[in-house]
Structure formats: structure tokens, C-alpha cells
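File shown: structure_18.pdb (PDB, C-alpha atoms).
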```pdb
ATOM      1  CA  MET A   1     -78.088  20.471 -63.588
ATOM      2  CA  ARG A   2     -77.535  19.986 -59.850
ATOM      3  CA  THR A   3     -73.959  19.868 -58.612
ATOM      4  CA  VAL A   4     -72.149  20.028 -55.274
ATOM      5  CA  LEU A   5     -69.364  22.591 -55.001
ATOM      6  CA  ILE A   6     -67.379  24.899 -52.746
ATOM      7  CA  ARG A   7     -66.838  28.627 -53.336
ATOM      8  CA  SER A   8     -64.230  28.895 -50.580
ATOM      9  CA  PHE A   9     -62.100  26.502 -48.553
ATOM     10  CA  GLY A  10     -63.331  25.551 -45.101
ATOM     11  CA  GLY A  11     -65.427  23.108 -43.108
ATOM     12  CA  PRO A  12     -68.744  21.401 -43.861
ATOM     13  CA  GLU A  13     -70.464  24.800 -44.015
ATOM     14  CA  VAL A  14     -68.815  25.692 -47.364
ATOM     15  CA  VAL A  15     -70.394  22.774 -49.233
ATOM     16  CA  GLU A  16     -73.417  23.792 -51.288
ATOM     17  CA  LEU A  17     -75.854  22.294 -53.775
ATOM     18  CA  ALA A  18     -75.911  24.554 -56.832
ATOM     19  CA  GLU A  19     -77.431  24.743 -60.323
ATOM     20  CA  LEU A  20     -75.033  24.953 -63.280
ATOM     21  CA  PRO A  21     -75.406  24.456 -67.035
ATOM     22  CA  VAL A  22     -74.748  20.963 -68.354
ATOM     23  CA  PRO A  23     -71.128  20.936 -69.634
ATOM     24  CA  GLN A  24     -70.246  20.012 -73.217
ATOM     25  CA  ALA A  25     -67.741  17.294 -74.054
ATOM     26  CA  GLY A  26     -64.527  18.629 -75.569
ATOM     27  CA  PRO A  27     -61.992  16.836 -77.757
ATOM     28  CA  GLY A  28     -61.273  13.342 -76.476
ATOM     29  CA  GLU A  29     -63.970  13.628 -73.797
ATOM     30  CA  VAL A  30     -67.379  12.138 -73.139
ATOM     31  CA  LEU A  31     -70.312  13.590 -71.247
ATOM     32  CA  VAL A  32     -71.434  11.200 -68.504
ATOM     33  CA  ARG A  33     -74.843  11.191 -66.831
ATOM     34  CA  VAL A  34     -73.707  10.332 -63.320
ATOM     35  CA  ALA A  35     -75.654   7.670 -61.420
ATOM     36  CA  ALA A  36     -73.423   7.331 -58.362
ATOM     37  CA  ALA A  37     -70.203   8.828 -56.997
ATOM     38  CA  GLY A  38     -67.804   7.427 -54.424
ATOM     39  CA  VAL A  39     -66.481   9.559 -51.562
ATOM     40  CA  ASN A  40     -62.781   9.676 -50.656
ATOM     41  CA  PRO A  41     -60.565  11.384 -48.044
ATOM     42  CA  ALA A  42     -59.331  13.612 -50.876
ATOM     43  CA  ASP A  43     -62.797  15.197 -50.979
ATOM     44  CA  TRP A  44     -62.596  16.670 -47.487
ATOM     45  CA  ARG A  45     -58.953  17.638 -48.019
ATOM     46  CA  ILE A  46     -59.955  19.533 -51.173
ATOM     47  CA  ARG A  47     -62.810  21.147 -49.227
ATOM     48  CA  ALA A  48     -60.421  22.181 -46.437
ATOM     49  CA  GLY A  49     -57.809  23.606 -48.817
ATOM     50  CA  GLU A  50     -55.185  20.961 -48.028
ATOM     51  CA  VAL A  51     -54.844  19.940 -51.691
ATOM     52  CA  ARG A  52     -54.133  23.218 -53.476
ATOM     53  CA  ARG A  53     -52.510  21.667 -56.551
ATOM     54  CA  LEU A  54     -55.980  20.915 -57.937
ATOM     55  CA  GLY A  55     -56.889  24.588 -58.127
ATOM     56  CA  GLU A  56     -58.710  27.330 -56.264
ATOM     57  CA  PRO A  57     -62.471  27.648 -55.645
ATOM     58  CA  PRO A  58     -65.012  27.431 -57.037
ATOM     59  CA  LEU A  59     -64.419  23.682 -57.183
ATOM     60  CA  GLY A  60     -66.722  20.715 -57.618
ATOM     61  CA  LEU A  61     -66.399  17.896 -55.101
ATOM     62  CA  GLY A  62     -66.173  14.194 -55.882
ATOM     63  CA  LEU A  63     -63.650  12.137 -57.863
ATOM     64  CA  ASP A  64     -65.219   8.674 -58.334
ATOM     65  CA  LEU A  65     -68.135   8.208 -60.714
ATOM     66  CA  ALA A  66     -70.289   5.637 -62.439
ATOM     67  CA  GLY A  67     -73.023   6.304 -64.956
ATOM     68  CA  ALA A  68     -73.831   6.265 -68.666
ATOM     69  CA  VAL A  69     -72.365   8.122 -71.628
ATOM     70  CA  ALA A  70     -74.756  10.888 -72.708
ATOM     71  CA  ALA A  71     -72.684  12.420 -75.530
ATOM     72  CA  VAL A  72     -69.292  12.007 -77.200
ATOM     73  CA  GLY A  73     -66.874  14.849 -77.970
ATOM     74  CA  PRO A  74     -64.765  15.325 -81.116
ATOM     75  CA  GLY A  75     -62.149  12.631 -81.578
ATOM     76  CA  ALA A  76     -63.502  10.411 -78.800
ATOM     77  CA  ASP A  77     -64.019   6.914 -80.165
ATOM     78  CA  ARG A  78     -63.891   4.451 -77.256
ATOM     79  CA  PHE A  79     -67.491   4.873 -76.138
ATOM     80  CA  ARG A  80     -70.939   5.499 -77.552
ATOM     81  CA  PRO A  81     -73.996   7.149 -75.990
ATOM     82  CA  GLY A  82     -75.665   4.688 -73.648
ATOM     83  CA  ASP A  83     -72.475   2.833 -72.675
ATOM     84  CA  ARG A  84     -72.192   2.299 -68.934
ATOM     85  CA  VAL A  85     -68.856   3.572 -67.609
ATOM     86  CA  PHE A  86     -66.970   4.195 -64.373
ATOM     87  CA  GLY A  87     -63.856   6.174 -63.617
ATOM     88  CA  VAL A  88     -62.364   9.409 -62.306
ATOM     89  CA  VAL A  89     -63.034  13.120 -62.819
ATOM     90  CA  LEU A  90     -60.675  15.779 -61.465
ATOM     91  CA  PRO A  91     -61.402  19.352 -60.273
ATOM     92  CA  PRO A  92     -62.548  21.936 -61.125
ATOM     93  CA  GLN A  93     -65.384  19.582 -62.008
ATOM     94  CA  GLY A  94     -66.680  17.147 -59.416
ATOM     95  CA  SER A  95     -68.517  13.852 -59.660
ATOM     96  CA  PHE A  96     -71.182  14.924 -57.150
ATOM     97  CA  ALA A  97     -73.165  16.235 -60.095
ATOM     98  CA  GLU A  98     -75.796  15.091 -62.541
ATOM     99  CA  TYR A  99     -73.410  15.441 -65.507
ATOM    100  CA  VAL A 100     -69.634  15.660 -65.926
ATOM    101  CA  THR A 101     -67.244  15.630 -68.867
ATOM    102  CA  VAL A 102     -64.433  13.088 -68.574
ATOM    103  CA  PRO A 103     -61.398  12.242 -70.731
ATOM    104  CA  GLU A 104     -61.862   8.828 -72.315
ATOM    105  CA  ALA A 105     -58.563   7.662 -70.796
ATOM    106  CA  ALA A 106     -60.005   8.097 -67.273
ATOM    107  CA  LEU A 107     -62.929   5.735 -67.898
ATOM    108  CA  ALA A 108     -63.602   2.046 -68.396
ATOM    109  CA  ARG A 109     -66.745   0.149 -69.325
ATOM    110  CA  THR A 110     -68.763  -1.010 -66.342
ATOM    111  CA  PRO A 111     -69.041  -4.817 -66.449
ATOM    112  CA  ASP A 112     -72.591  -6.079 -66.897
ATOM    113  CA  GLY A 113     -72.449  -7.804 -63.533
ATOM    114  CA  LEU A 114     -71.811  -4.595 -61.556
ATOM    115  CA  ASP A 115     -74.422  -2.070 -60.466
ATOM    116  CA  ASP A 116     -73.592   1.631 -60.451
ATOM    117  CA  LEU A 117     -73.188   1.890 -56.669
ATOM    118  CA  THR A 118     -70.568  -0.856 -56.703
ATOM    119  CA  ALA A 119     -68.774   0.580 -59.737
ATOM    120  CA  ALA A 120     -68.713   4.080 -58.223
ATOM    121  CA  ALA A 121     -66.945   2.763 -55.124
ATOM    122  CA  LEU A 122     -64.032   1.333 -57.099
ATOM    123  CA  PRO A 123     -62.002   4.041 -58.882
ATOM    124  CA  VAL A 124     -59.832   6.123 -56.527
ATOM    125  CA  ALA A 125     -59.420   3.702 -53.617
ATOM    126  CA  GLY A 126     -59.282   0.699 -55.938
ATOM    127  CA  LEU A 127     -56.719   2.311 -58.245
ATOM    128  CA  THR A 128     -54.614   3.309 -55.239
ATOM    129  CA  ALA A 129     -54.577  -0.238 -53.891
ATOM    130  CA  TRP A 130     -54.016  -1.807 -57.320
ATOM    131  CA  GLN A 131     -51.244   0.552 -58.375
ATOM    132  CA  ALA A 132     -49.574   0.151 -54.977
ATOM    133  CA  LEU A 133     -49.589  -3.632 -54.844
ATOM    134  CA  VAL A 134     -49.516  -4.641 -58.505
ATOM    135  CA  GLY A 135     -47.698  -1.711 -60.091
ATOM    136  CA  ALA A 136     -45.270  -0.462 -57.446
ATOM    137  CA  ALA A 137     -44.708  -3.526 -55.245
ATOM    138  CA  GLN A 138     -45.248  -6.158 -57.956
ATOM    139  CA  LEU A 139     -46.719  -8.406 -55.289
ATOM    140  CA  ALA A 140     -46.256 -12.099 -56.079
ATOM    141  CA  ALA A 141     -48.034 -15.249 -54.932
ATOM    142  CA  GLY A 142     -46.750 -16.582 -51.632
ATOM    143  CA  GLU A 143     -45.381 -13.250 -50.403
ATOM    144  CA  ARG A 144     -46.361 -11.774 -47.039
ATOM    145  CA  VAL A 145     -48.037  -8.375 -47.091
ATOM    146  CA  LEU A 146     -49.167  -6.078 -44.284
ATOM    147  CA  VAL A 147     -52.045  -3.705 -44.973
ATOM    148  CA  HIS A 148     -52.389  -0.940 -42.405
ATOM    149  CA  ALA A 149     -56.014   0.231 -41.902
ATOM    150  CA  GLY A 150     -57.380  -2.827 -43.651
ATOM    151  CA  ALA A 151     -61.012  -1.828 -43.079
ATOM    152  CA  GLY A 152     -60.655   1.580 -44.735
ATOM    153  CA  GLY A 153     -61.342   2.564 -48.327
ATOM    154  CA  VAL A 154     -57.913   1.741 -49.749
ATOM    155  CA  GLY A 155     -57.173  -0.958 -47.198
ATOM    156  CA  HIS A 156     -60.254  -3.115 -47.744
ATOM    157  CA  PHE A 157     -59.520  -3.200 -51.480
ATOM    158  CA  ALA A 158     -55.839  -3.916 -50.863
ATOM    159  CA  VAL A 159     -56.641  -6.956 -48.709
ATOM    160  CA  GLN A 160     -58.786  -8.439 -51.471
ATOM    161  CA  ILE A 161     -56.381  -7.621 -54.302
ATOM    162  CA  ALA A 162     -53.494  -9.172 -52.372
ATOM    163  CA  LYS A 163     -55.510 -12.341 -51.739
ATOM    164  CA  ALA A 164     -56.498 -12.513 -55.412
ATOM    165  CA  ARG A 165     -52.776 -12.488 -56.255
ATOM    166  CA  GLY A 166     -52.067 -15.387 -53.893
ATOM    167  CA  ALA A 167     -50.340 -13.436 -51.127
ATOM    168  CA  ARG A 168     -50.577 -14.107 -47.396
ATOM    169  CA  VAL A 169     -52.270 -11.056 -45.921
ATOM    170  CA  THR A 170     -52.039  -9.493 -42.472
ATOM    171  CA  ALA A 171     -54.292  -6.472 -41.935
ATOM    172  CA  THR A 172     -54.770  -4.080 -39.037
ATOM    173  CA  ALA A 173     -57.979  -2.444 -37.813
ATOM    174  CA  GLY A 174     -59.721  -1.508 -34.587
ATOM    175  CA  PRO A 175     -61.651  -4.058 -32.514
ATOM    176  CA  ALA A 176     -64.990  -3.251 -34.188
ATOM    177  CA  ASN A 177     -63.611  -4.190 -37.621
ATOM    178  CA  GLN A 178     -61.891  -7.492 -36.899
ATOM    179  CA  ALA A 179     -64.794  -9.520 -38.299
ATOM    180  CA  LEU A 180     -64.795  -7.423 -41.476
ATOM    181  CA  LEU A 181     -61.096  -8.191 -42.034
ATOM    182  CA  GLY A 182     -61.943 -11.887 -41.900
ATOM    183  CA  GLU A 183     -64.794 -11.426 -44.363
ATOM    184  CA  LEU A 184     -62.416  -9.649 -46.737
ATOM    185  CA  GLY A 185     -60.106 -12.655 -46.669
ATOM    186  CA  ALA A 186     -57.254 -11.527 -44.408
ATOM    187  CA  ASP A 187     -55.210 -14.472 -43.164
ATOM    188  CA  GLU A 188     -54.341 -12.582 -39.989
ATOM    189  CA  ALA A 189     -56.511  -9.821 -38.495
ATOM    190  CA  VAL A 190     -54.697  -7.606 -35.993
ATOM    191  CA  ASP A 191     -56.295  -5.252 -33.465
ATOM    192  CA  TYR A 192     -53.859  -2.339 -33.555
ATOM    193  CA  ARG A 193     -55.178  -1.062 -30.214
ATOM    194  CA  GLY A 194     -54.367  -4.254 -28.369
ATOM    195  CA  THR A 195     -51.244  -5.313 -30.271
ATOM    196  CA  ASP A 196     -47.770  -3.829 -30.550
ATOM    197  CA  VAL A 197     -47.946  -3.790 -34.339
ATOM    198  CA  PHE A 198     -44.372  -2.574 -34.776
ATOM    199  CA  GLY A 199     -42.913  -4.980 -32.248
ATOM    200  CA  ALA A 200     -44.907  -8.171 -32.711
ATOM    201  CA  LEU A 201     -45.416  -8.496 -36.470
ATOM    202  CA  GLY A 202     -43.235  -9.264 -39.462
ATOM    203  CA  PRO A 203     -41.083  -9.658 -41.314
ATOM    204  CA  PHE A 204     -43.088  -8.835 -44.439
ATOM    205  CA  ASP A 205     -42.234  -8.649 -48.109
ATOM    206  CA  VAL A 206     -44.572  -5.701 -48.674
ATOM    207  CA  VAL A 207     -46.180  -3.093 -46.417
ATOM    208  CA  LEU A 208     -48.928  -0.799 -47.709
ATOM    209  CA  ASP A 209     -49.243   2.313 -45.550
ATOM    210  CA  PRO A 210     -52.098   4.823 -46.042
ATOM    211  CA  PHE A 211     -51.099   6.912 -42.993
ATOM    212  CA  SER A 212     -47.582   8.088 -43.887
ATOM    213  CA  GLY A 213     -45.779  10.294 -41.359
ATOM    214  CA  GLU A 214     -44.278   8.429 -38.421
ATOM    215  CA  ASN A 215     -46.249   5.325 -39.365
ATOM    216  CA  ALA A 216     -44.255   4.981 -42.585
ATOM    217  CA  LEU A 217     -40.990   5.449 -40.723
ATOM    218  CA  ARG A 218     -41.859   2.805 -38.134
ATOM    219  CA  SER A 219     -43.088   0.425 -40.827
ATOM    220  CA  LEU A 220     -39.542   0.062 -42.164
ATOM    221  CA  ALA A 221     -38.758  -2.208 -39.208
ATOM    222  CA  LEU A 222     -41.515  -4.597 -40.293
ATOM    223  CA  LEU A 223     -39.904  -5.373 -43.639
ATOM    224  CA  ARG A 224     -37.236  -7.881 -44.527
ATOM    225  CA  PRO A 225     -34.170  -6.656 -46.455
ATOM    226  CA  GLY A 226     -35.272  -6.330 -50.049
ATOM    227  CA  GLY A 227     -38.859  -5.669 -48.988
ATOM    228  CA  ARG A 228     -41.078  -2.930 -50.380
ATOM    229  CA  LEU A 229     -42.837  -0.106 -48.547
ATOM    230  CA  VAL A 230     -45.572   1.679 -50.478
ATOM    231  CA  ASP A 231     -46.542   4.982 -48.866
ATOM    232  CA  VAL A 232     -49.777   6.121 -50.512
ATOM    233  CA  ARG A 233     -49.841   9.593 -48.959
ATOM    234  CA  GLY A 234     -46.226  10.753 -49.008
ATOM    235  CA  THR A 235     -46.579  13.318 -46.218
ATOM    236  CA  GLY A 236     -45.409  13.823 -42.660
ATOM    237  CA  VAL A 237     -41.852  13.115 -41.560
ATOM    238  CA  ASP A 238     -38.995  14.489 -43.591
ATOM    239  CA  ARG A 239     -39.111  12.484 -46.804
ATOM    240  CA  THR A 240     -35.326  12.566 -47.174
ATOM    241  CA  GLU A 241     -35.000  10.841 -43.797
ATOM    242  CA  LEU A 242     -37.519   8.164 -44.781
ATOM    243  CA  ALA A 243     -35.787   7.526 -48.102
ATOM    244  CA  GLU A 244     -32.333   7.393 -46.495
ATOM    245  CA  ARG A 245     -33.444   4.948 -43.797
ATOM    246  CA  ALA A 246     -35.160   2.741 -46.368
ATOM    247  CA  GLY A 247     -32.032   2.723 -48.512
ATOM    248  CA  ALA A 248     -29.814   1.841 -45.568
ATOM    249  CA  LEU A 249     -32.061  -1.119 -44.753
ATOM    250  CA  GLY A 250     -32.206  -2.345 -48.344
ATOM    251  CA  ILE A 251     -35.907  -1.531 -48.628
ATOM    252  CA  ALA A 252     -37.537  -0.182 -51.783
ATOM    253  CA  LEU A 253     -39.697   2.867 -51.003
ATOM    254  CA  THR A 254     -42.476   4.085 -53.280
ATOM    255  CA  GLU A 255     -44.461   7.238 -52.539
ATOM    256  CA  LEU A 256     -47.569   6.761 -54.602
ATOM    257  CA  TYR A 257     -50.424   8.974 -55.694
ATOM    258  CA  PHE A 258     -52.970   7.170 -57.838
ATOM    259  CA  ARG A 259     -53.372   8.037 -61.507
ATOM    260  CA  PRO A 260     -56.505   7.554 -63.637
ATOM    261  CA  ASP A 261     -55.819   4.636 -65.976
ATOM    262  CA  ALA A 262     -58.350   2.871 -68.177
ATOM    263  CA  GLY A 263     -56.446  -0.424 -68.129
ATOM    264  CA  ASP A 264     -56.194  -0.533 -64.353
ATOM    265  CA  LEU A 265     -59.882   0.394 -64.048
ATOM    266  CA  ALA A 266     -60.781  -2.466 -66.379
ATOM    267  CA  ALA A 267     -58.696  -4.864 -64.251
ATOM    268  CA  LEU A 268     -60.556  -3.740 -61.122
ATOM    269  CA  GLY A 269     -63.896  -4.170 -62.872
ATOM    270  CA  ALA A 270     -62.978  -7.675 -63.991
ATOM    271  CA  LEU A 271     -61.980  -8.676 -60.441
ATOM    272  CA  ALA A 272     -65.224  -7.247 -59.088
ATOM    273  CA  GLU A 273     -67.333  -9.029 -61.693
ATOM    274  CA  LYS A 274     -65.666 -12.329 -60.715
ATOM    275  CA  GLY A 275     -66.502 -11.667 -57.069
ATOM    276  CA  GLU A 276     -62.863 -11.385 -56.003
ATOM    277  CA  LEU A 277     -63.178  -7.658 -55.225
ATOM    278  CA  ARG A 278     -66.271  -6.546 -53.304
ATOM    279  CA  PRO A 279     -66.618  -2.947 -52.138
ATOM    280  CA  HIS A 280     -68.032  -2.719 -48.631
ATOM    281  CA  LEU A 281     -70.642   0.044 -48.850
ATOM    282  CA  SER A 282     -71.070   1.416 -45.351
ATOM    283  CA  LEU A 283     -73.288   4.363 -46.273
ATOM    284  CA  VAL A 284     -75.262   5.529 -49.329
ATOM    285  CA  LEU A 285     -76.673   9.074 -49.335
ATOM    286  CA  PRO A 286     -78.525  11.157 -51.965
ATOM    287  CA  LEU A 287     -76.884  14.052 -53.801
ATOM    288  CA  GLU A 288     -78.403  16.706 -51.540
ATOM    289  CA  ARG A 289     -76.633  15.079 -48.584
ATOM    290  CA  ALA A 290     -73.211  14.844 -50.252
ATOM    291  CA  GLY A 291     -71.766  17.257 -47.690
ATOM    292  CA  GLU A 292     -72.718  14.816 -44.919
ATOM    293  CA  ALA A 293     -71.060  12.000 -46.864
ATOM    294  CA  VAL A 294     -67.807  13.965 -47.032
ATOM    295  CA  THR A 295     -68.014  14.726 -43.299
ATOM    296  CA  GLU A 296     -68.507  11.021 -42.553
ATOM    297  CA  VAL A 297     -65.330  10.132 -44.453
ATOM    298  CA  ALA A 298     -63.485  13.027 -42.783
ATOM    299  CA  SER A 299     -64.269  11.479 -39.377
ATOM    300  CA  GLY A 300     -61.851   8.645 -40.179
ATOM    301  CA  HIS A 301     -64.311   6.041 -38.926
ATOM    302  CA  ALA A 302     -66.027   5.051 -42.171
ATOM    303  CA  ARG A 303     -65.763   1.347 -42.998
ATOM    304  CA  GLY A 304     -65.086   0.568 -46.618
ATOM    305  CA  LYS A 305     -66.724   3.105 -48.902
ATOM    306  CA  VAL A 306     -69.343   5.849 -48.683
ATOM    307  CA  VAL A 307     -71.257   6.514 -51.910
ATOM    308  CA  VAL A 308     -73.484   9.349 -53.131
ATOM    309  CA  GLN A 309     -76.473   8.234 -55.259
ATOM    310  CA  ILE A 310     -77.550  10.714 -57.919
TER
END
```
Could you spell out this file's structure in C-alpha cells?
Amino acid sequence: MRTVLIRSFGGPEVVELAELPVPQAGPGEVLVRVAAAGVNPADWRIRAGEVRRLGEPPLGLGLDLAGAVAAVGPGADRFRPGDRVFGVVLPPQGSFAEYVTVPEAALARTPDGLDDLTAAALPVAGLTAWQALVGAAQLAAGERVLVHAGAGGVGHFAVQIAKARGARVTATAGPANQALLGELGADEAVDYRGTDVFGALGPFDVVLDPFSGENALRSLALLRPGGRLVDVRGTGVDRTELAERAGALGIALTELYFRPDAGDLAALGALAEKGELRPHLSLVLPLERAGEAVTEVASGHARGKVVVQI
């Protein structure tokens, strides 16, 4: 089978298209014939060696996937061959491949109303936004939420999830993405280049921050006492300082890293099938150009999601 992998950490030059045997599903796993795979910032960070906890090379690239079950391993009973599924695979495998084995718990059935490109765009960014707003922040109808980088992968899902829950949504983006924020349903679209975000906005009940670092620290001032800051990267400034400042201000801080969860995936799929969650696909490339797809996301200028079609 064809697969995209790295044999050493580095830049775009380390990404290669290779031939490997088709893996076999182990206990509690299914073998998925991959039809499409979403691209995330984690992919270029894995490539660059910034995320060492996932192992050392050789490593497959790609986390998001959508496709069909090709075979079922011992003890796996949630799916049958032919079932359409979407979900998450973790290194050393990668979803930029024709086949991957995936634990059943990291998959959900793809709703009939979703095509594979749409389903492949949902898992990592969608889970991050869902688990931040629904799980960590417990966002309620009528609350005010600020989504930094509302046109990005996590952000554009967060805007839609917040609206689906009845919140009033403010989202930031550059001037070229203001119209997109409106299309996503943001009640207030803010050009962060022309607005003093940290001086002119707020107070909010919830702030979702995908930048971390100083941005997370400054975001504390945007929240009312009792508000919630969800930092979905958890890097940058001294975390003790951030936690202490949040505590002093009466703000609940959550540093969140998404987790594969079949129930949350199913919730995302249901929202998407109802039309309340629509991935914005800015670029679709074939498997042999997966390295370019990762580079596009690494640029920081991709709108919505980039997807690899296999």
C-alpha cells in the first residue's frame, strides 16, 4: 500500500511517499480503507520533531481519516466490513495511507448524509472545539463566547458549535476572512489587525484560545469573574503564572488536548448531517501531494480545513 511517512524529523524535504505492507487489525481494532484524511497543525509539528511524545521516526503522518471498514480484528464488534467510518489514528501509523488499523473506540459511523471529504475534516479540529466548548467550558445558551482565530481549523468549528448551543459568538480573524466569519454564523466578526482585541472587547463568559503563550495570558482580561478560558495548546508562558493569574481573577482555566472519543465523534457527525456544522474545505490534494498539504497548514494561512484525498 502507499503511505506518507518521515524517516527523520525536519522540513518538507523529509516527507516521502513509500510502499508498506497492508497492516492487520489486532484485538479491538478494525482495518480501514482510507478515502480521505484531514490535515492539522499537529502534522507539521510531528514532522518537525516538536511533538516527541508520539514517538521517534519512522512515523506516518496524518491523524484524521474517513473511509470504509475492510476487516475486523479479534474482539471488535462495533463495525462490520463495508461500514463507513471516520475518526482518529495516532502515530506511528498515519492516516495519509491507503489502509490503517484503528481502535474501535477512536471511530464513529459516518452519517449517510456526509461524504468522505467532509467526514475526514471533522475529527481532530472538531473534537478539539467540541471538547473545549461542550466538555470543558460547558457552554450554555445565551452566554458570550470569544473564539480567537475563528477562520482556522479549530476556530471555524468552534464558531458553529457555539452557535448551535445558542451562544452569542464573537470571533477574530484577519481582514480577508471577515466574510467567512459571517457565513459561519458569528454574531460579531472582529478584524484583529485593525482592532485592539484585548482593550475593546468583552467581558465574555468563555474564551477559546488556540494560540496559547502570551495570547492566553492577555485573554484573562477579556473574561468576567467566573468565566472560563480554554487553552487548546497549553504552551508558551510559564503555566504556573497563567494558572495563578486565572485563579486570582476567579477564572476557570482548562489546558486541553483533544482525545479520540466515539461519542463525541458521533455528536459532531450528527451536527454536520443536520447542516449545523459545515467544514470549510479550502484545499483538497491527492495522496502524492500530502507533503504540500502539510506545508500549507504549516504556513498558518489556511482557511478552515485542508484534506488529502486517497
* Between A:Pro58, A:Gly11, A:Gly152, A:Gly87, which has the minimum distance to A:Arg45 (counting only C-alpha atoms)? -> A:Gly11
* Asked: From the set A:Ala137, A:Leu277, A:Ala18, A:Leu63, which residue has the shortest atom-to-atom contact distance to A:Leu253, counting all atoms listed in the file?
  -> A:Ala137
Exercise: stretch 88-94 of chain A partners within 8 Å, only C-alpha atoms, chain neighbours under 3 positions left out, as an mmCIF file with C-alpha atoms, in the coordinates of the input:
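Below you can see part-v5.cif, which holds the result:
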```cif
data_model
loop_
_atom_site.group_PDB
_atom_site.id
_atom_site.type_symbol
_atom_site.label_atom_id
_atom_site.label_comp_id
_atom_site.auth_asym_id
_atom_site.auth_seq_id
_atom_site.Cartn_x
_atom_site.Cartn_y
_atom_site.Cartn_z
ATOM 1 C CA THR A 3 -73.959 19.868 -58.612
ATOM 2 C CA VAL A 4 -72.149 20.028 -55.274
ATOM 3 C CA LEU A 5 -69.364 22.591 -55.001
ATOM 4 C CA LEU A 54 -55.980 20.915 -57.937
ATOM 5 C CA GLY A 55 -56.889 24.588 -58.127
ATOM 6 C CA PRO A 57 -62.471 27.648 -55.645
ATOM 7 C CA PRO A 58 -65.012 27.431 -57.037
ATOM 8 C CA LEU A 59 -64.419 23.682 -57.183
ATOM 9 C CA GLY A 60 -66.722 20.715 -57.618
ATOM 10 C CA LEU A 61 -66.399 17.896 -55.101
ATOM 11 C CA GLY A 62 -66.173 14.194 -55.882
ATOM 12 C CA LEU A 63 -63.650 12.137 -57.863
ATOM 13 C CA ASP A 64 -65.219 8.674 -58.334
ATOM 14 C CA LEU A 65 -68.135 8.208 -60.714
ATOM 15 C CA ALA A 97 -73.165 16.235 -60.095
ATOM 16 C CA VAL A 100 -69.634 15.660 -65.926
ATOM 17 C CA THR A 101 -67.244 15.630 -68.867
ATOM 18 C CA VAL A 102 -64.433 13.088 -68.574
ATOM 19 C CA ALA A 106 -60.005 8.097 -67.273
ATOM 20 C CA LEU A 107 -62.929 5.735 -67.898
ATOM 21 C CA PRO A 123 -62.002 4.041 -58.882
ATOM 22 C CA VAL A 124 -59.832 6.123 -56.527
ATOM 23 C CA PRO A 260 -56.505 7.554 -63.637
#
```
* Kindly resolve the PyMOL selection byres ((chain A and resi 19) around 8) on the present coordinates and return the residues as a count of residues only. => 7
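For the file shown, the residue list from the PyMOL selection byres ((chain A and resi 130) around 10) reads Val124, Ala125, Gly126, Leu127, Thr128, Ala129, Gln131, Ala132, Leu133, Val134, Gly135, Ala136, Ala137, Gln138, Val154, Phe157, Ala158, Ile161, Ala162, Phe258, Asp264, Leu265, Ala267 and Leu268 of chain A.
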* To do: Please identify all polymer residues within 10 Å of A:Val159, counting only C-alpha atoms, omitting same-chain residues fewer than 5 positions from it, and present them as a PyMOL selection string.
  => chain A and resi 129+133+145-151+154+164+167-171+181-182+184-187+208+277
* How many Å lie between atom CA of A:His280 and atom CA of A:Tyr192, rounded to one decimal? -> 20.7 Å
* Would you mind reading off the distance between atom CA of A:Leu256 and atom CA of A:Pro41, one decimal, in Å? => 15.3 Å
* Asked: the PyMOL selection byres ((chain A and resi 291) around 10) on the file shown: which residues, as a PyMOL selection string?
  -> chain A and resi 4-5+11-17+43-44+47+61+96+285+287-290+292-296+308
* Between atom CA of A:Leu223 and atom CA of A:Gly202, what is the distance, to one decimal in Å? -> 6.6 Å
* **Answer as number ranges by chain, residues within 7 Å of (-42.7, -3.3, -41.0) using all atoms listed in the file** => A: 198, 202-204, 207, 218-223
* Of the listed residues A:Asp115, A:Ala189, A:Arg53, A:Asp77, that which approaches A:Gly28 most closely, counting all atoms listed in the file ->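 Once distances to A:Gly28 are computed over all atoms listed in the file, the minimum belongs to A:Asp77.
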To box stretch 40-47 of chain A, take all atoms listed in the file, fit an axis-aligned box, add 6 Å on each side, and give centre and edge lengths in Å to one decimal, as JSON.
```
{"center_x": -60.9, "center_y": 15.4, "center_z": -49.3, "size_x": 15.9, "size_y": 23.5, "size_z": 15.7}
```
* **Nearest to A:Glu98 by atom-to-atom distance, counting only C-alpha atoms, from A:Val30, A:Val284, A:Ala37, A:Ala272** =>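 Result for the nearest residue to A:Glu98: A:Ala37.
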* Asked: Which one is closest to A:Asp196: A:Thr110, A:Ser8, A:Thr118, A:Thr172? Count all atoms listed in the file.
  -> A:Thr172
* To do: Would you please work out which residue, of A:Ala105, A:Val39, A:Val232, A:Ala252, is nearest to A:Gly304 when using only C-alpha atoms?
  => A:Val39
* For A:Gly67, please output as number ranges by chain all residues within 7 Å (counting only C-alpha atoms; exclusion window: fewer than 2 positions along the same chain). => A: 32-36, 65, 69, 84-86, 116
